[in-house]
Structures are given as structure tokens and as C-alpha cells.
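**Student:** What follows is run-v2.csv, made up of CSV, C-alpha atoms:
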```csv
chain,number,residue,atom,x,y,z
A,1,MET,CA,-16.9,-7.3,20.5
A,2,ASP,CA,-16.1,-4.4,18.2
A,3,ASP,CA,-14.5,-1.9,20.5
A,4,GLY,CA,-15.4,1.1,18.3
A,5,ALA,CA,-19.1,0.4,17.8
A,6,THR,CA,-20.2,1.5,21.3
A,7,GLN,CA,-19.0,5.1,20.7
A,8,GLN,CA,-20.9,5.5,17.5
A,9,ALA,CA,-24.2,7.2,16.9
A,10,PRO,CA,-27.0,4.8,15.9
A,11,PRO,CA,-26.5,4.2,12.2
A,12,MET,CA,-28.8,5.7,9.6
A,13,LEU,CA,-29.1,2.4,7.9
A,14,TRP,CA,-27.7,-1.2,8.1
A,15,ALA,CA,-26.0,-2.9,5.3
A,16,ASP,CA,-25.0,-6.5,4.5
A,17,LEU,CA,-22.5,-6.6,1.7
A,18,HIS,CA,-22.0,-10.3,1.1
A,19,ILE,CA,-25.1,-12.3,0.2
A,20,HIS,CA,-25.5,-15.3,-2.1
A,21,THR,CA,-28.5,-16.3,-4.2
A,22,VAL,CA,-29.5,-19.6,-5.8
A,23,ALA,CA,-27.0,-18.8,-8.6
A,24,SER,CA,-24.3,-19.9,-6.2
A,25,PRO,CA,-24.3,-23.7,-6.2
A,26,CYS,CA,-23.5,-23.8,-2.5
A,27,ALA,CA,-26.5,-21.5,-1.5
A,28,GLU,CA,-29.7,-23.0,-0.2
A,29,ILE,CA,-32.7,-23.1,-2.6
A,30,GLU,CA,-34.4,-20.5,-0.3
A,31,MET,CA,-32.0,-17.8,-1.5
A,32,LEU,CA,-34.6,-16.4,-3.9
A,33,PRO,CA,-35.1,-12.7,-4.6
A,34,SER,CA,-38.4,-12.2,-2.7
A,35,LEU,CA,-37.2,-14.2,0.3
A,36,ILE,CA,-33.9,-12.4,0.5
A,37,VAL,CA,-35.6,-9.0,0.2
A,38,GLY,CA,-38.2,-10.0,2.7
A,39,ARG,CA,-35.6,-11.1,5.1
A,40,ALA,CA,-33.6,-7.9,4.5
A,41,ALA,CA,-36.8,-5.8,5.2
A,42,ALA,CA,-37.5,-7.8,8.4
A,43,LEU,CA,-33.9,-7.2,9.6
A,44,GLY,CA,-34.2,-3.5,8.8
A,45,LEU,CA,-31.4,-3.6,6.2
A,46,GLY,CA,-31.3,-0.6,3.9
A,47,CYS,CA,-28.6,-1.9,1.7
A,48,ILE,CA,-27.6,-5.3,0.5
A,49,ALA,CA,-24.9,-6.5,-1.9
A,50,ILE,CA,-25.6,-9.5,-4.0
A,51,THR,CA,-22.3,-11.4,-4.4
A,52,ASP,CA,-22.6,-14.8,-6.0
A,53,HIS,CA,-19.6,-16.9,-6.9
A,54,ASN,CA,-18.2,-15.6,-10.2
A,55,THR,CA,-21.6,-14.6,-11.5
A,56,THR,CA,-23.9,-11.5,-11.6
A,57,ALA,CA,-26.9,-13.3,-13.0
A,58,ASN,CA,-29.4,-12.7,-10.2
A,59,ILE,CA,-28.6,-9.2,-9.2
A,60,GLN,CA,-31.2,-7.5,-11.4
A,61,ALA,CA,-34.0,-9.9,-10.1
A,62,VAL,CA,-33.1,-9.0,-6.5
A,63,ALA,CA,-32.9,-5.3,-7.3
A,64,ARG,CA,-36.3,-5.3,-9.0
A,65,CYS,CA,-37.8,-7.1,-6.1
A,66,ALA,CA,-36.0,-4.8,-3.6
A,67,SER,CA,-37.1,-1.5,-5.2
A,68,ALA,CA,-40.6,-1.9,-3.8
A,69,TYR,CA,-39.1,-2.0,-0.3
A,70,GLY,CA,-36.8,0.9,-0.8
A,71,ILE,CA,-33.8,-1.4,-0.2
A,72,ARG,CA,-30.7,-0.5,-2.1
A,73,VAL,CA,-29.1,-3.5,-3.9
A,74,ILE,CA,-25.4,-3.1,-4.7
A,75,PRO,CA,-24.3,-5.1,-7.7
A,76,GLY,CA,-21.5,-7.4,-6.8
A,77,MET,CA,-19.6,-10.6,-7.3
A,78,GLU,CA,-17.5,-12.9,-5.1
A,79,VAL,CA,-14.8,-13.7,-7.6
A,80,GLN,CA,-12.3,-16.6,-7.1
A,81,THR,CA,-8.9,-15.6,-8.4
A,82,ARG,CA,-6.1,-17.6,-9.8
A,83,GLU,CA,-4.5,-17.7,-6.4
A,84,GLU,CA,-7.7,-19.3,-4.9
A,85,VAL,CA,-8.6,-16.0,-3.2
A,86,HIS,CA,-12.2,-14.9,-2.8
A,87,LEU,CA,-12.7,-11.1,-3.4
A,88,LEU,CA,-15.9,-9.2,-3.1
A,89,CYS,CA,-16.2,-6.8,-6.1
A,90,LEU,CA,-18.8,-4.1,-5.6
A,91,PHE,CA,-20.1,-1.7,-8.2
A,92,ASP,CA,-22.5,1.3,-8.5
A,93,THR,CA,-24.2,0.1,-11.6
A,94,ILE,CA,-25.3,-3.2,-13.1
A,95,GLU,CA,-23.5,-2.2,-16.3
A,96,GLN,CA,-20.2,-2.0,-14.4
A,97,ALA,CA,-20.9,-5.4,-12.9
A,98,PHE,CA,-21.7,-6.9,-16.3
A,99,ALA,CA,-18.5,-5.4,-17.7
A,100,TRP,CA,-16.6,-7.2,-14.9
A,101,GLN,CA,-18.6,-10.4,-15.7
A,102,ASN,CA,-17.3,-10.3,-19.2
A,103,ILE,CA,-13.8,-10.3,-18.0
A,104,VAL,CA,-14.5,-13.1,-15.5
A,105,ASP,CA,-16.3,-15.2,-18.2
A,106,ALA,CA,-13.2,-15.0,-20.4
A,107,ALA,CA,-11.0,-16.1,-17.6
A,108,LEU,CA,-13.2,-19.0,-16.3
A,109,PRO,CA,-12.2,-22.5,-17.4
A,110,ASP,CA,-14.6,-24.1,-19.8
A,111,MET,CA,-15.9,-26.8,-17.4
A,112,LYS,CA,-19.5,-27.8,-16.8
A,113,ASN,CA,-21.0,-27.7,-13.3
A,114,ARG,CA,-22.0,-31.0,-11.7
A,115,ASP,CA,-25.3,-30.3,-10.0
A,116,ASP,CA,-25.1,-33.6,-8.1
A,117,VAL,CA,-21.7,-32.7,-6.6
A,118,PHE,CA,-21.8,-28.9,-6.2
A,119,GLY,CA,-25.5,-28.0,-6.4
A,120,ALA,CA,-27.5,-26.3,-9.1
A,121,GLN,CA,-26.7,-22.8,-10.3
A,122,LEU,CA,-30.1,-21.2,-10.9
A,123,VAL,CA,-31.0,-18.0,-12.6
A,124,VAL,CA,-34.4,-16.7,-11.4
A,125,ASP,CA,-36.6,-13.7,-12.1
A,126,GLU,CA,-38.0,-11.1,-9.6
A,127,ASN,CA,-40.9,-13.4,-8.8
A,128,ASP,CA,-38.6,-16.2,-7.9
A,129,GLY,CA,-39.5,-18.0,-11.2
A,130,PHE,CA,-37.0,-20.3,-12.8
A,131,VAL,CA,-35.3,-18.7,-15.9
A,132,ARG,CA,-32.4,-21.1,-16.7
A,133,LEU,CA,-29.5,-23.1,-15.3
A,134,ILE,CA,-26.0,-21.8,-15.5
A,135,GLU,CA,-24.2,-24.8,-16.9
A,136,ARG,CA,-20.7,-23.5,-16.6
A,137,MET,CA,-18.9,-24.4,-13.4
A,138,LEU,CA,-18.8,-21.3,-11.1
A,139,LEU,CA,-17.1,-22.7,-8.0
A,140,ILE,CA,-13.7,-22.6,-9.6
A,141,ALA,CA,-10.8,-20.1,-10.0
A,142,ALA,CA,-10.9,-17.7,-12.9
A,143,ASP,CA,-7.5,-17.3,-14.5
A,144,ILE,CA,-7.2,-13.7,-13.3
A,145,SER,CA,-4.9,-12.6,-10.5
A,146,VAL,CA,-5.7,-10.7,-7.3
A,147,ASP,CA,-3.8,-7.7,-8.7
A,148,GLN,CA,-5.6,-7.8,-12.0
A,149,THR,CA,-8.9,-8.0,-10.2
A,150,VAL,CA,-8.2,-5.0,-8.1
A,151,LEU,CA,-7.0,-3.1,-11.2
A,152,GLU,CA,-9.9,-4.0,-13.4
A,153,VAL,CA,-12.6,-3.5,-10.8
A,154,ASN,CA,-11.2,-0.1,-9.9
A,155,ARG,CA,-11.0,0.8,-13.5
A,156,LEU,CA,-14.6,0.0,-14.0
A,157,GLY,CA,-15.6,2.2,-11.0
A,158,GLY,CA,-15.9,-0.5,-8.4
A,159,ILE,CA,-14.2,-1.5,-5.1
A,160,VAL,CA,-12.7,-4.7,-3.9
A,161,ILE,CA,-13.0,-6.2,-0.4
A,162,ALA,CA,-11.0,-9.3,0.6
A,163,ALA,CA,-13.5,-11.9,1.7
A,164,HIS,CA,-13.4,-13.9,5.0
A,165,ILE,CA,-9.7,-13.3,5.6
A,166,ASP,CA,-9.9,-15.5,8.7
A,167,ARG,CA,-11.0,-18.7,7.0
A,168,GLN,CA,-8.8,-21.6,6.0
A,169,ALA,CA,-10.1,-21.7,2.5
A,170,TYR,CA,-10.1,-19.0,-0.1
A,171,SER,CA,-8.7,-16.3,2.2
A,172,ILE,CA,-6.1,-13.8,0.9
A,173,ILE,CA,-4.1,-14.4,4.0
A,174,THR,CA,-4.1,-18.2,3.7
A,175,ALA,CA,-3.3,-18.1,0.0
A,176,LEU,CA,-0.8,-15.2,-0.1
A,177,GLY,CA,0.6,-15.3,3.4
A,178,PHE,CA,0.1,-11.6,4.0
A,179,ILE,CA,-1.6,-8.7,2.4
A,180,PRO,CA,0.6,-6.4,0.3
A,181,PRO,CA,0.3,-3.1,2.0
A,182,ASP,CA,-0.1,-1.2,-1.2
A,183,MET,CA,-2.9,-3.3,-2.5
A,184,ASN,CA,-6.0,-1.1,-3.2
A,185,LEU,CA,-8.5,-3.0,-1.1
A,186,ALA,CA,-11.4,-1.0,0.3
A,187,ALA,CA,-11.6,-3.3,3.3
A,188,LEU,CA,-10.9,-6.7,4.7
A,189,GLU,CA,-13.9,-8.9,5.6
A,190,VAL,CA,-13.8,-11.0,8.7
A,191,SER,CA,-16.2,-13.9,8.8
A,192,ARG,CA,-18.8,-14.3,11.5
A,193,ALA,CA,-16.7,-17.0,13.1
A,194,THR,CA,-14.3,-14.3,14.2
A,195,THR,CA,-14.8,-10.9,15.8
A,196,ILE,CA,-12.8,-7.9,14.5
A,197,ALA,CA,-10.9,-7.7,17.7
A,198,GLU,CA,-9.9,-11.4,17.5
A,199,ALA,CA,-8.8,-10.9,13.9
A,200,LYS,CA,-6.6,-8.1,14.9
A,201,LYS,CA,-5.0,-10.2,17.6
A,202,ARG,CA,-4.5,-13.2,15.3
A,203,TYR,CA,-3.2,-11.2,12.3
A,204,PRO,CA,-1.3,-8.2,13.7
A,205,PHE,CA,-0.6,-6.9,10.2
A,206,VAL,CA,-4.2,-6.2,9.5
A,207,GLN,CA,-4.3,-3.5,12.2
A,208,ASN,CA,-4.0,-0.7,9.7
A,209,TRP,CA,-6.7,-2.0,7.3
A,210,PRO,CA,-10.4,-1.2,7.5
A,211,LEU,CA,-12.1,-4.4,8.9
A,212,ILE,CA,-15.7,-5.3,8.4
A,213,THR,CA,-18.0,-8.2,8.9
A,214,ASN,CA,-20.7,-9.4,6.6
A,215,SER,CA,-23.1,-12.3,6.7
A,216,ASP,CA,-21.8,-14.2,3.7
A,217,ALA,CA,-25.3,-15.7,3.8
A,218,HIS,CA,-25.9,-18.9,2.0
A,219,ARG,CA,-29.2,-19.3,4.0
A,220,LEU,CA,-31.8,-16.7,4.9
A,221,ASP,CA,-31.3,-17.0,8.6
A,222,GLU,CA,-27.6,-16.2,8.1
A,223,MET,CA,-28.4,-12.7,6.8
A,224,CYS,CA,-27.9,-10.0,9.5
A,225,ARG,CA,-27.3,-6.4,10.3
A,226,SER,CA,-23.6,-6.3,9.4
A,227,ILE,CA,-22.5,-2.8,8.7
A,228,PRO,CA,-23.8,0.4,10.2
A,229,LEU,CA,-23.8,3.2,7.6
A,230,GLU,CA,-24.0,6.9,8.5
A,231,HIS,CA,-25.4,7.9,5.2
A,232,GLU,CA,-27.0,6.5,2.1
A,233,ILE,CA,-24.3,5.2,-0.3
A,234,ALA,CA,-23.9,7.7,-3.1
A,235,SER,CA,-21.1,5.7,-4.6
A,236,VAL,CA,-19.3,2.6,-3.5
A,237,ARG,CA,-16.0,4.4,-4.2
A,238,LYS,CA,-16.9,6.9,-1.5
A,239,LEU,CA,-17.4,4.3,1.2
A,240,MET,CA,-14.7,4.8,3.8
A,241,PHE,CA,-14.5,1.8,6.0
A,242,GLY,CA,-13.1,2.5,9.5
A,243,LYS,CA,-10.5,0.4,11.3
A,244,GLN,CA,-13.1,-0.5,14.0
A,245,GLY,CA,-15.8,-1.7,11.7
A,246,SER,CA,-17.2,1.8,11.5
A,247,TYR,CA,-18.2,3.8,8.4
A,248,THR,CA,-18.1,7.3,7.2
A,249,LEU,CA,-18.7,9.0,3.9
L,1,MET,CA,23.2,-30.2,-3.9
L,2,LYS,CA,23.3,-26.7,-5.2
L,3,ALA,CA,20.5,-24.6,-6.6
L,4,SER,CA,22.2,-24.9,-10.0
L,5,ASP,CA,21.7,-28.7,-9.8
L,6,LEU,CA,17.9,-28.2,-9.5
L,7,VAL,CA,18.0,-26.6,-12.9
L,8,ILE,CA,19.6,-29.7,-14.4
L,9,GLU,CA,17.4,-32.1,-12.5
L,10,LEU,CA,14.2,-30.4,-13.5
L,11,HIS,CA,15.3,-29.2,-17.0
L,12,ALA,CA,14.0,-25.9,-15.6
L,13,GLN,CA,14.2,-22.5,-17.1
L,14,VAL,CA,15.9,-19.9,-14.9
L,15,VAL,CA,14.0,-16.6,-15.2
L,16,ALA,CA,15.5,-14.7,-12.3
L,17,GLY,CA,18.4,-14.9,-9.8
L,18,ALA,CA,20.7,-16.7,-12.2
L,19,GLY,CA,23.7,-15.2,-10.4
L,20,ASN,CA,22.7,-16.8,-7.2
L,21,LEU,CA,22.5,-20.5,-8.0
L,22,ASP,CA,25.6,-21.6,-6.0
L,23,ARG,CA,23.7,-21.9,-2.8
L,24,GLU,CA,23.4,-25.2,-1.0
L,25,VAL,CA,19.8,-26.6,-1.0
L,26,THR,CA,19.0,-27.7,2.5
L,27,GLY,CA,15.7,-29.5,1.7
L,28,GLY,CA,12.4,-29.0,0.0
L,29,TYR,CA,9.0,-27.7,0.7
L,30,ALA,CA,5.9,-27.8,-1.5
L,31,SER,CA,2.7,-25.8,-1.0
L,32,ASP,CA,0.5,-23.3,-2.7
L,33,LEU,CA,-0.7,-21.8,0.5
L,34,LEU,CA,1.8,-19.1,1.2
L,35,SER,CA,0.7,-19.0,4.9
L,36,CYS,CA,1.9,-22.6,5.2
L,37,VAL,CA,5.2,-21.9,3.6
L,38,MET,CA,5.8,-18.9,5.9
L,39,ALA,CA,5.2,-21.2,8.8
L,40,ALA,CA,7.2,-24.3,7.7
L,41,ALA,CA,9.9,-23.7,5.1
L,42,GLN,CA,13.4,-23.5,6.3
L,43,PRO,CA,16.4,-21.3,5.3
L,44,GLY,CA,18.1,-22.7,2.2
L,45,ASN,CA,15.0,-24.8,1.2
L,46,VAL,CA,13.8,-25.0,-2.4
L,47,TRP,CA,10.1,-24.1,-2.5
L,48,ILE,CA,7.9,-25.8,-5.1
L,49,THR,CA,4.6,-24.1,-6.0
L,50,LEU,CA,2.4,-23.0,-8.8
L,51,GLN,CA,1.7,-19.6,-7.2
L,52,ALA,CA,3.3,-16.7,-9.0
L,53,HIS,CA,2.2,-13.7,-7.0
L,54,MET,CA,4.6,-11.0,-5.9
L,55,ASN,CA,4.3,-12.3,-2.3
L,56,VAL,CA,6.2,-15.5,-3.4
L,57,ILE,CA,9.3,-13.4,-3.8
L,58,ALA,CA,8.8,-11.6,-0.5
L,59,ILE,CA,8.5,-14.9,1.3
L,60,ALA,CA,11.5,-16.4,-0.4
L,61,VAL,CA,13.5,-13.4,0.8
L,62,LEU,CA,12.0,-13.5,4.2
L,63,LEU,CA,12.8,-17.1,4.7
L,64,ASP,CA,16.1,-17.0,2.8
L,65,LEU,CA,15.1,-19.8,0.5
L,66,SER,CA,17.7,-21.1,-2.0
L,67,ALA,CA,15.3,-21.2,-4.9
L,68,VAL,CA,11.6,-21.1,-6.0
L,69,VAL,CA,10.4,-23.6,-8.5
L,70,ILE,CA,7.2,-22.6,-10.2
L,71,THR,CA,5.4,-25.6,-11.8
L,72,GLU,CA,2.7,-26.3,-14.3
L,73,GLY,CA,4.2,-24.0,-16.9
L,74,VAL,CA,3.0,-20.9,-15.0
L,75,HIS,CA,4.9,-17.8,-15.9
L,76,PRO,CA,5.1,-14.9,-13.4
L,77,ASP,CA,4.5,-11.3,-14.4
L,78,ALA,CA,7.4,-9.2,-15.4
L,79,GLU,CA,7.2,-7.2,-12.1
L,80,VAL,CA,7.5,-10.3,-10.1
L,81,LEU,CA,10.6,-11.5,-12.0
L,82,ALA,CA,12.1,-8.0,-11.8
L,83,ARG,CA,11.7,-8.1,-8.0
L,84,ALA,CA,13.2,-11.6,-7.8
L,85,GLU,CA,16.1,-10.4,-9.9
L,86,GLU,CA,16.6,-7.4,-7.7
L,87,LYS,CA,16.5,-9.5,-4.5
L,88,GLY,CA,18.6,-12.3,-6.0
L,89,VAL,CA,16.0,-15.0,-5.7
L,90,PRO,CA,16.5,-17.8,-8.2
L,91,VAL,CA,13.1,-18.5,-9.9
L,92,LEU,CA,13.0,-21.7,-11.9
L,93,LEU,CA,10.1,-22.5,-14.2
L,94,CYS,CA,9.2,-26.0,-15.2
L,95,PRO,CA,6.3,-27.5,-17.2
L,96,GLN,CA,5.9,-30.4,-14.9
L,97,GLY,CA,3.2,-30.6,-12.2
L,98,THR,CA,4.2,-30.1,-8.6
L,99,PHE,CA,4.0,-33.8,-7.8
L,100,SER,CA,6.4,-34.7,-10.7
L,101,ALA,CA,8.8,-31.9,-9.8
L,102,VAL,CA,8.9,-33.0,-6.1
L,103,ALA,CA,9.4,-36.7,-7.2
L,104,GLN,CA,12.3,-35.7,-9.4
L,105,LEU,CA,14.0,-33.7,-6.7
L,106,ALA,CA,13.3,-36.4,-4.0
L,107,GLN,CA,15.0,-38.9,-6.3
L,108,ALA,CA,17.9,-36.6,-6.7
L,109,GLY,CA,18.3,-36.7,-2.9
L,110,ILE,CA,16.5,-33.6,-1.7
L,111,GLY,CA,14.5,-34.4,1.5
L,112,GLY,CA,11.4,-32.8,2.9
L,113,VAL,CA,11.6,-30.6,6.0
L,114,ARG,CA,8.7,-32.0,7.9
```
What would the structure in this file look like if it were written as C-alpha cells?
**Tutor:**
Amino acid sequence: MDDGATQQAPPMLWADLHIHTVASPCAEIEMLPSLIVGRAAALGLGCIAITDHNTTANIQAVARCASAYGIRVIPGMEVQTREEVHLLCLFDTIEQAFAWQNIVDAALPDMKNRDDVFGAQLVVDENDGFVRLIERMLLIAADISVDQTVLEVNRLGGIVIAAHIDRQAYSIITALGFIPPDMNLAALEVSRATTIAEAKKRYPFVQNWPLITNSDAHRLDEMCRSIPLEHEIASVRKLMFGKQGSYTL
Amino acid sequence: MKASDLVIELHAQVVAGAGNLDREVTGGYASDLLSCVMAAAQPGNVWITLQAHMNVIAIAVLLDLSAVVITEGVHPDAEVLARAEEKGVPVLLCPQGTFSAVAQLAQAGIGGVR
């Protein structure tokens, strides 16, 4: 278990910063705004980030739905870089997220998704109503590097978290062998398959990085209380992730 | 076979480490997962990949590889090439896919390491 958590005061609010919607072809059809928000409310989450694969298309629908519950929605994206690394890009505003989307769109190969192979990529409204299909393939690497991603997302005012570093696929450690110490990552995310303590043991070089866990939910029942926050998030840039899965502002 | 022979076999373009091509090539390893390369490639090996991140150079130095071949026409950034030049790592670019490059080198007598 996380050795630091026991010494902390109870959090002011819980966050889960890695959640997929039906725009991600691999997400279950139940990942609809009202159900995500309902599940977040049931879990007592005060803050969720919507991070679909290479798309920001459903963030506003979830945010509109969440406002009635007082749940903060952080606009995000799980981008797949040229090196086949998944990075969580988190922003303060939807405008920043859309600006990032423009960069990703220009870097995505012009290929059509195959619903029958990968699943449908659905854009929905805040009432879970169907709006359109995203025809372009999203489960593919954008021709943008890890370093460019960090640079551009930071420039736009966002932060970057390396996703599921402990997994075989799409992990920065698997793809790049190690994490350059000067890379401006806000944190490293460990998947739920591994505890933070196990990750530190397995990858000694991550000791000095802030480590966090998120649900990476593709199904409603995967959503969980992931990150204890001491305060409301004024700005994602001010999030200081601790080395024991703790948080300060 | 020397690293300079790789250039001839692949009709490759040398973009860094040109002064360091007289090393003997001890074998070949091909992967785009740098974690696998770190675990498996041997000193003096030529590494064939389409990755062009800065870490490629670090790993080539760490493992004392004789050369890195970057396939598919991928061109590394200037900083990556500057680091390779500084560290004396030969970086060879070729338009072929990895399979073709490996096949060419295997035919020229370079063996795999595992």
C-alpha cells in the first residue's frame, strides 16, 4: 500500500484524473456523461479528468452534466505519441484543450476507424444523446514526439502525466527504456495493477518522480477514488504531486 | 564486419559518429521498445529501430553499441544528432523498413544475439 497515505489528513476532495468516454473506441458503451457523473457523485469524487484517446470531443458534454453536481471536470486527452507512449494532457480550460486538439489532429494519420475491429468512437451530448461518429482512427500514434507534447501542452498552460508506466504497452518506460530526468512531467501514473510501492521497487529510477494512480476507467465500475486532494484545484499547473501519491497545492 | 560496412550494405546515410565507423560489429538487435534493447542488446551490436528519441543515443552509449540504424526514413531531431556526434555514436539512416534492413544485414553475415 501507499506508505505515505496513512500519515495524511483526510482529503478535502477525491479526484480521478484518467477517465474515458464513448469517444474512446475501447471504452464500454456505458461511458456516457450522465452515467460517468452519476458514478463520480456516488464515489464522492469532486474532480474528474476526461481523457479520451487523441480526442477532446466529449469533455464539454461531461462538464455540462457535472456542473449540476458541483463536480469539477478537467479537460484532458490521453495522447499517443510517435514513440507509442501514452501521455495524459490536462488543461484548465476547454479552449486550451481544443488548441491542443488542433495540434494532434494535424499530426494524426488520415486513416478511418474500423468500428468492427476497434469499436465505435461516439460523440454525445450532456443528455447522453448521439451526436456523431468520429470517423478518423483515434487508436493510433500521432506524429508528434513525447518532447514536443510536453513542450506544446506546457506552452498552452497544461500539464503532462506519463500514463500507466508499469504496463507493457504504451508506457514511457517500455517505449523509451527510461524517463529522461529533465523531462517536464507533472507526475508518473501507475496503473491499478501495480501499487506505488511496487512500482518504486520495480523501477528504482522513478523514486524521485511524483507517482500517482488513476482508474483509467473504460467501464463505470473501474472508476474510483484515486487521488486525495487537499484543496480545490485552482490551476492544473499548481498541482504538486508528492512522491508518495500525496498532493499539496 | 565493421560499422562502415553497414553503411555500404544498407546504402545508408551517416548523420552522426562518422569518425567512429571502424568498430567491429558483434551482431544485430532490432526492436522499437527501448526497454527490450536495454535488456538484450550486447556491446558492439548494431541496433536497428525506427525510434529517434534522445534516449536512443543514451542507450547506445550505455550498451556500447557499434551503430544505430534508424529505418523507415525517420530523421532524428538536431539535438539528438548533436548528442550522438558528441558521444561518437554512429547513426545511420535508411529509407528501408526494419525488416528489409535486418534482412540485408543478415545476408551480409550479421547474426542475431538471441
**Student:** Give me, as a VMD selection string, all polymer residues having an atom no more than 7 Å from Ile212 in chain A, counting all atoms listed in the file and skipping those fewer than 4 positions away in the same chain.
**Tutor:** chain A and resid 187 to 190 245
**Student:** Which residues are close to Ile94 in chain A, i.e. within 9 Å by all atoms listed in the file, leaving aside same-chain residues fewer than 6 positions away? Reply as a list in words.
**Tutor:**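 The contact residues come out as Thr56, Ile59, Gln60, Ile74, Pro75 and Gly76 of chain A.
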**Student:** Counting all atoms listed in the file, which residues in chain A sit no more than 12 Å from chain L? For each one, give the nearest pair of atoms and the distance in Å, sorted by chain then residue number, as CSV.
**Tutor:**
```
residue,atom,partner,partner_atom,distance
A:Thr81,CA,L:His53,CA,11.3
A:Arg82,CA,L:Gln51,CA,8.5
A:Glu83,CA,L:Gln51,CA,6.5
A:Glu84,CA,L:Leu33,CA,9.2
A:Val85,CA,L:Leu33,CA,10.5
A:Asp143,CA,L:Val74,CA,11.1
A:Ile144,CA,L:His53,CA,11.3
A:Ser145,CA,L:His53,CA,8.0
A:Val146,CA,L:His53,CA,8.5
A:Asp147,CA,L:His53,CA,8.7
A:Gln148,CA,L:Asp77,CA,11.0
A:Ile165,CA,L:Ser35,CA,11.9
A:Asp166,CA,L:Ser35,CA,11.8
A:Arg167,CA,L:Ser35,CA,11.9
A:Gln168,CA,L:Leu33,CA,9.8
A:Ala169,CA,L:Leu33,CA,9.6
A:Tyr170,CA,L:Leu33,CA,9.8
A:Ser171,CA,L:Leu33,CA,9.9
A:Ile172,CA,L:Ser35,CA,9.4
A:Ile173,CA,L:Ser35,CA,6.7
A:Thr174,CA,L:Ser35,CA,5.0
A:Ala175,CA,L:Leu33,CA,4.5
A:Leu176,CA,L:Leu34,CA,4.9
A:Gly177,CA,L:Ser35,CA,4.0
A:Phe178,CA,L:Ser35,CA,7.5
A:Ile179,CA,L:Asn55,CA,8.4
A:Pro180,CA,L:Asn55,CA,7.4
A:Pro181,CA,L:Asn55,CA,10.9
A:Asp182,CA,L:Met54,CA,11.8
A:Met183,CA,L:Met54,CA,11.3
A:Tyr203,CA,L:Ser35,CA,11.4
```
**Student:** Quick one: residues within 8 Å of Cys89 in chain A, all atoms listed in the file counted, chain neighbours fewer than 3 positions away excluded, as a PyMOL selection string?
**Tutor:** chain A and resi 51+76-79+153+158-161
**Student:** So, counting only C-alpha atoms, which residue among A:His53, A:Arg192, A:Cys26, A:Ser226 is closest to Asp116 in chain A?
**Tutor:**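 Using only C-alpha atoms, the shortest distance to Asp116 in chain A belongs to A:Cys26.
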**Student:** I'd like the neighbourhood of Met1 in chain L as a ChimeraX atom specification, where a residue qualifies if any of its atoms comes within 8 Å (using only C-alpha atoms), though same-chain residues fewer than 6 positions away should be ignored.
**Tutor:** /L:24-25,110
**Student:** With all atoms listed in the file as the counted atoms, please give the residues lying no more than 8 Å from Glu135 in chain A, apart from itself and same-chain residues fewer than 3 positions off, as a ChimeraX atom specification.
**Tutor:** /A:112-113,121
**Student:** Compare A:Leu229, A:Ala217, A:Gly44, A:Met12 by their minimum atom-to-atom distance to Glu30 in chain A, counting all atoms listed in the file, and give me the closest one.
**Tutor:**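 Closest to Glu30 in chain A, using all atoms listed in the file: A:Ala217.
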**Student:** Which one of L:Val113, L:Pro90, L:Leu63, L:Glu72 sits closest to Arg23 in chain L if you count only C-alpha atoms?
**Tutor:**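 Of L:Val113, L:Pro90, L:Leu63, L:Glu72, the one nearest Arg23 in chain L is L:Pro90, counting only C-alpha atoms.
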**Student:** Could you add the missing atoms to range 54-59 of chain L, up to all heavy atoms, and return them as a PDB file, keeping the file's coordinate frame?
**Tutor:**
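Result saved to result-v2.pdb:
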```pdb
ATOM      1  N   MET L  54       3.490 -11.774  -6.419  1.00  0.00           N
ATOM      2  CA  MET L  54       4.600 -11.000  -5.900  1.00  0.00           C
ATOM      3  C   MET L  54       5.013 -11.485  -4.481  1.00  0.00           C
ATOM      4  O   MET L  54       6.189 -11.472  -4.101  1.00  0.00           O
ATOM      5  CB  MET L  54       4.256  -9.524  -5.865  1.00  0.00           C
ATOM      6  CG  MET L  54       5.380  -8.612  -5.487  1.00  0.00           C
ATOM      7  SD  MET L  54       6.688  -8.585  -6.737  1.00  0.00           S
ATOM      8  CE  MET L  54       6.087  -7.281  -7.830  1.00  0.00           C
ATOM      9  N   ASN L  55       4.034 -11.889  -3.695  1.00  0.00           N
ATOM     10  CA  ASN L  55       4.300 -12.300  -2.300  1.00  0.00           C
ATOM     11  C   ASN L  55       5.243 -13.535  -2.270  1.00  0.00           C
ATOM     12  O   ASN L  55       5.920 -13.764  -1.269  1.00  0.00           O
ATOM     13  CB  ASN L  55       3.009 -12.655  -1.587  1.00  0.00           C
ATOM     14  CG  ASN L  55       2.268 -11.406  -1.132  1.00  0.00           C
ATOM     15  OD1 ASN L  55       2.569 -10.315  -1.591  1.00  0.00           O
ATOM     16  ND2 ASN L  55       1.315 -11.569  -0.238  1.00  0.00           N
ATOM     17  N   VAL L  56       5.255 -14.319  -3.337  1.00  0.00           N
ATOM     18  CA  VAL L  56       6.200 -15.500  -3.400  1.00  0.00           C
ATOM     19  C   VAL L  56       7.595 -15.015  -3.208  1.00  0.00           C
ATOM     20  O   VAL L  56       8.370 -15.615  -2.455  1.00  0.00           O
ATOM     21  CB  VAL L  56       5.982 -16.247  -4.727  1.00  0.00           C
ATOM     22  CG1 VAL L  56       7.090 -17.271  -4.909  1.00  0.00           C
ATOM     23  CG2 VAL L  56       4.603 -16.907  -4.791  1.00  0.00           C
ATOM     24  N   ILE L  57       7.941 -13.939  -3.882  1.00  0.00           N
ATOM     25  CA  ILE L  57       9.300 -13.400  -3.800  1.00  0.00           C
ATOM     26  C   ILE L  57       9.599 -12.893  -2.407  1.00  0.00           C
ATOM     27  O   ILE L  57      10.667 -13.137  -1.834  1.00  0.00           O
ATOM     28  CB  ILE L  57       9.533 -12.334  -4.883  1.00  0.00           C
ATOM     29  CG1 ILE L  57       9.100 -12.846  -6.268  1.00  0.00           C
ATOM     30  CG2 ILE L  57      10.986 -11.874  -4.880  1.00  0.00           C
ATOM     31  CD1 ILE L  57       9.733 -14.154  -6.702  1.00  0.00           C
ATOM     32  N   ALA L  58       8.623 -12.174  -1.868  1.00  0.00           N
ATOM     33  CA  ALA L  58       8.800 -11.600  -0.500  1.00  0.00           C
ATOM     34  C   ALA L  58       9.061 -12.740   0.491  1.00  0.00           C
ATOM     35  O   ALA L  58       9.935 -12.631   1.359  1.00  0.00           O
ATOM     36  CB  ALA L  58       7.566 -10.821  -0.123  1.00  0.00           C
ATOM     37  N   ILE L  59       8.330 -13.819   0.359  1.00  0.00           N
ATOM     38  CA  ILE L  59       8.500 -14.900   1.300  1.00  0.00           C
ATOM     39  C   ILE L  59       9.809 -15.648   1.094  1.00  0.00           C
ATOM     40  O   ILE L  59      10.470 -16.046   2.054  1.00  0.00           O
ATOM     41  CB  ILE L  59       7.259 -15.883   1.190  1.00  0.00           C
ATOM     42  CG1 ILE L  59       6.036 -15.185   1.791  1.00  0.00           C
ATOM     43  CG2 ILE L  59       7.526 -17.222   1.876  1.00  0.00           C
ATOM     44  CD1 ILE L  59       4.719 -15.844   1.501  1.00  0.00           C
TER      45      ILE L  59
END
```
